[in-house]
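Q: Structure: start.cif, mmCIF, C-alpha atoms.
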data_query
#
loop_
_atom_site.label_atom_id
_atom_site.label_comp_id
_atom_site.auth_asym_id
_atom_site.auth_seq_id
_atom_site.Cartn_x
_atom_site.Cartn_y
_atom_site.Cartn_z
CA MET A 1 -19.72 -30.08 15.11
CA SER A 2 -20.33 -30.68 11.42
CA ASP A 3 -18.46 -29.07 8.53
CA GLY A 4 -21.50 -26.87 7.89
CA ASP A 5 -21.21 -25.29 11.34
CA ALA A 6 -17.66 -24.09 10.65
CA GLN A 7 -18.48 -22.63 7.25
CA ILE A 8 -18.25 -18.92 6.65
CA GLU A 9 -21.22 -17.34 4.93
CA LEU A 10 -19.67 -15.29 2.14
CA ASP A 11 -22.69 -12.96 1.97
CA THR A 12 -22.10 -11.84 5.57
CA SER A 13 -18.34 -12.33 5.93
CA VAL A 14 -16.56 -9.03 6.61
CA GLY A 15 -13.24 -10.61 5.68
CA TYR A 16 -14.55 -11.76 2.29
CA LEU A 17 -16.09 -8.34 1.63
CA LEU A 18 -12.82 -6.61 2.54
CA LYS A 19 -10.93 -8.89 0.16
CA GLU A 20 -13.48 -8.20 -2.57
CA ALA A 21 -13.17 -4.44 -1.96
CA ALA A 22 -9.36 -4.62 -1.97
CA SER A 23 -9.42 -6.56 -5.24
CA ALA A 24 -11.83 -4.09 -6.86
CA LEU A 25 -9.73 -1.16 -5.63
CA ARG A 26 -6.51 -2.68 -6.94
CA SER A 27 -8.09 -3.40 -10.34
CA ALA A 28 -9.40 0.16 -10.63
CA MET A 29 -6.01 1.58 -9.59
CA GLU A 30 -4.18 -0.64 -12.10
CA ALA A 31 -6.56 0.58 -14.82
CA VAL A 32 -5.74 4.26 -14.22
CA LEU A 33 -2.02 3.64 -13.65
CA ARG A 34 -1.50 1.42 -16.73
CA PRO A 35 -1.59 4.37 -19.20
CA LEU A 36 1.10 6.00 -17.03
CA GLU A 37 3.21 2.83 -17.37
CA MET A 38 2.99 2.24 -13.62
CA SER A 39 1.80 -0.60 -11.41
CA VAL A 40 0.22 -0.17 -7.99
CA THR A 41 3.52 -1.22 -6.40
CA HIS A 42 5.42 1.31 -8.55
CA TYR A 43 3.00 4.05 -7.51
CA SER A 44 3.06 2.98 -3.83
CA CYS A 45 6.85 3.17 -3.77
CA LEU A 46 6.90 6.68 -5.24
CA GLU A 47 4.13 7.84 -2.87
CA LEU A 48 5.98 6.44 0.15
CA LEU A 49 9.18 8.20 -0.92
CA ALA A 50 7.35 11.50 -1.41
CA GLN A 51 5.86 11.34 2.07
CA ARG A 52 8.86 9.75 3.82
CA PRO A 53 12.07 10.65 1.95
CA GLY A 54 15.10 8.47 2.52
CA LEU A 55 13.34 5.20 3.35
CA SER A 56 15.45 2.07 3.04
CA ASN A 57 14.68 -0.85 0.73
CA SER A 58 13.27 -2.84 3.67
CA GLU A 59 11.05 0.03 4.82
CA LEU A 60 9.76 0.56 1.28
CA ALA A 61 9.07 -3.16 0.88
CA ARG A 62 7.04 -3.24 4.11
CA GLY A 63 5.13 -0.10 3.11
CA ALA A 64 4.31 -1.42 -0.36
CA PHE A 65 3.51 -4.96 0.88
CA VAL A 66 6.16 -6.70 -1.23
CA SER A 67 9.33 -8.66 -0.50
CA ARG A 68 12.70 -6.91 -0.13
CA GLN A 69 13.86 -8.69 -3.28
CA ALA A 70 10.88 -7.45 -5.31
CA MET A 71 11.43 -3.91 -4.00
CA ASN A 72 15.12 -4.06 -4.91
CA VAL A 73 14.23 -5.01 -8.50
CA LEU A 74 11.67 -2.18 -8.63
CA LEU A 75 14.14 0.36 -7.19
CA GLN A 76 16.74 -0.61 -9.78
CA ALA A 77 14.17 0.00 -12.54
CA LEU A 78 13.03 3.31 -11.00
CA GLU A 79 16.65 4.43 -10.72
CA ARG A 80 17.40 3.39 -14.31
CA ASP A 81 14.32 5.33 -15.51
CA GLY A 82 15.34 8.45 -13.56
CA PHE A 83 12.52 8.46 -10.99
CA VAL A 84 14.71 7.91 -7.91
CA THR A 85 18.31 8.26 -6.82
CA ARG A 86 20.28 6.14 -4.37
CA PRO A 87 23.84 6.71 -3.18
CA GLU A 88 26.54 4.34 -4.42
CA GLN A 89 27.58 3.62 -0.84
CA ALA A 90 25.74 3.81 2.46
CA SER A 91 26.72 6.69 4.71
CA GLU A 92 25.94 4.49 7.73
CA GLY A 93 25.62 0.72 7.90
CA ARG A 94 24.18 -0.92 4.79
CA VAL A 95 21.13 1.31 4.23
CA LEU A 96 20.96 3.10 0.87
CA PRO A 97 18.35 5.85 1.38
CA THR A 98 16.25 6.41 -1.74
CA ARG A 99 14.99 9.83 -2.86
CA LEU A 100 12.63 10.97 -5.60
CA THR A 101 14.03 12.95 -8.51
CA ASP A 102 12.18 15.89 -10.10
CA LEU A 103 10.99 13.50 -12.82
CA GLY A 104 9.75 11.07 -10.15
CA ARG A 105 7.84 13.88 -8.41
CA SER A 106 6.18 15.05 -11.60
CA ARG A 107 5.11 11.51 -12.60
CA LEU A 108 3.88 10.91 -9.06
CA ALA A 109 1.70 14.03 -9.19
CA VAL A 110 -0.15 12.67 -12.24
CA ALA A 111 -0.45 9.19 -10.71
CA SER A 112 -1.65 10.55 -7.35
CA ALA A 113 -4.43 12.50 -9.05
CA ALA A 114 -5.51 9.35 -10.91
CA VAL A 115 -5.51 7.24 -7.73
CA ARG A 116 -7.33 9.97 -5.79
CA GLY A 117 -10.03 9.80 -8.48
CA VAL A 118 -10.40 6.06 -7.92
CA GLU A 119 -10.70 6.53 -4.15
CA ASP A 120 -13.23 9.33 -4.65
CA ARG A 121 -15.28 7.06 -6.93
CA MET A 122 -15.10 4.25 -4.36
CA ARG A 123 -16.45 6.53 -1.63
CA SER A 124 -18.88 8.48 -3.82
CA ASP A 125 -22.02 7.02 -2.22
CA LEU A 126 -20.81 7.93 1.30
CA ASP A 127 -21.35 11.28 2.98
CA GLY A 128 -18.54 13.02 4.88
CA SER A 129 -19.28 11.44 8.25
CA GLU A 130 -19.61 7.97 6.68
CA ARG A 131 -16.25 8.42 4.97
CA GLU A 132 -14.61 9.29 8.27
CA GLN A 133 -16.39 6.46 10.06
CA LEU A 134 -15.22 3.98 7.41
CA ARG A 135 -11.63 5.20 7.79
CA LEU A 136 -11.76 4.94 11.57
CA LEU A 137 -13.38 1.49 11.55
CA LEU A 138 -10.84 0.11 9.08
CA ALA A 139 -7.99 1.57 11.14
CA ARG A 140 -9.40 -0.12 14.25
CA CYS A 141 -9.67 -3.45 12.40
CA VAL A 142 -6.02 -3.18 11.34
CA ALA A 143 -4.97 -2.28 14.89
CA SER A 144 -6.87 -5.27 16.30
CA LEU A 145 -5.18 -7.69 13.93
CA THR A 146 -1.68 -6.25 14.30
CA ALA A 147 -1.70 -5.87 18.10
CA PRO A 148 0.26 -8.49 20.01
CA THR A 149 -1.92 -11.43 20.98
CA PRO A 150 -2.14 -11.71 24.77
CA GLU A 151 -0.82 -14.91 26.32
CA PRO A 152 -3.58 -17.20 27.55
CA ALA A 153 -3.97 -17.24 31.33
CA ALA A 154 -2.47 -20.25 33.06
CA PRO A 155 -5.09 -22.55 34.57
CA HIS A 156 -5.36 -22.48 38.36
#
For this file, produce the structure as structure tokens.

A:
Amino acid sequence: MSDGDAQIELDTSVGYLLKEAASALRSAMEAVLRPLEMSVTHYSCLELLAQRPGLSNSELARGAFVSRQAMNVLLQALERDGFVTRPEQASEGRVLPTRLTDLGRSRLAVASAAVRGVEDRMRSDLDGSEREQLRLLLARCVASLTAPTPEPAAPH
């Protein structure tokens, strides 16, 4: 097998196209969030808290695809700016559940509308059934890659 046989053709690689789409999406989201003085991670954190109030630092980090340390720094800034509140002490264990403030909710509403516009633009050439099909296919791809890998069968 030569090196050429193992090469991925970028023009037909689904993985490369997904990465290119993710990069274009992130750039477009950053462009609409920048005037709001938000990053994609900032927005993702607020959106997660709106939809799942009380998430811990670790849960927020996983949901926003950042490290726990990066999320902690972001949460401190969001708290300082009045977008979120966290209790001084955990009611149980070490978890400090984070909640949006009224200011956080109002800023999120503006940011969500901007991000929704980006997603609408991204899908603008797709009809309703294609949009749903794209969503379902991407969800299946994620499920395939996150499912436990079966153990190889032992040789007989």

Q: Given only C-alpha atoms as the basis, pick out the residue of A:Ala22, A:Leu17, A:Ala28, A:Ala77 nearest to Cys45 (chain A).

A: A:Ala77

Q: With a distance cut-off of 12 Å and all atoms listed in the file, select the neighbouring residues of Ser67 (chain A), excluding the residue or stretch itself and same-chain residues fewer than 6 positions from it, and output the selection as an MDAnalysis selection string.

A: chainID A and resid 41 57:61 73:74

Q: Using CA of Asp127 (chain A) and CA of Val115 (chain A) as the two end points, give the distance in Å to one decimal.

A: 19.5 Å

Q: Sorted by chain and rising residue number, list the residues of region 14-86 of chain A at most 12 Å from region 135-150 of chain A (counting all atoms listed in the file), each with its closest atom pair and distance in Å to one decimal, as JSON lines.

A:
{"residue": "A:Val14", "atom": "CA", "partner": "A:Cys141", "partner_atom": "CA", "distance": 10.6}
{"residue": "A:Gly15", "atom": "CA", "partner": "A:Cys141", "partner_atom": "CA", "distance": 10.4}
{"residue": "A:Leu18", "atom": "CA", "partner": "A:Leu138", "partner_atom": "CA", "distance": 9.6}

Q: Name all residues at most 12 Å from Ala24 (chain A) (count all atoms listed in the file; drop same-chain ones fewer than 4 positions away) and give them as a ChimeraX atom specification.

A: /A:17-20,28-31,118-119,121-122

Q: I'd like the interatomic distance between CA of Thr101 (chain A) and CA of Ala50 (chain A), to a tenth of an Å.

A: 9.9 Å

Q: Given the file shown, determine the residues that the PyMOL selection byres ((chain A and resi 99) around 7) selects; report them as a ChimeraX atom specification.

A: /A:49,53-54,84-86,97-98,100-101

Q: Counting only C-alpha atoms, which residue out of A:Ala153, A:Ala64, A:Leu25, A:Tyr43 sits closest to Asp120 (chain A)?

A: A:Leu25

Q: How far is it from CA of Tyr16 (chain A) to CA of Leu48 (chain A), in Å with one decimal?

A: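 Atom-to-atom, CA of Tyr16 (chain A) to CA of Leu48 (chain A), that is 27.5 Å.
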
Q: For this structure, which residues satisfy the selection - the PyMOL selection byres ((chain A and resi 106) around 12) - when it is evaluated on the file as given? I want them as a ChimeraX atom specification.

A: /A:36,46-47,50,82-84,100-105,107-113

Q: Taking all atoms listed in the file into account, name the residue in A:Leu134, A:Ala114, A:Leu75, A:Ala154 that is nearest to Pro35 (chain A).

A: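 When distances to Pro35 (chain A) are compared using all atoms listed in the file, the smallest one comes from A:Ala114.
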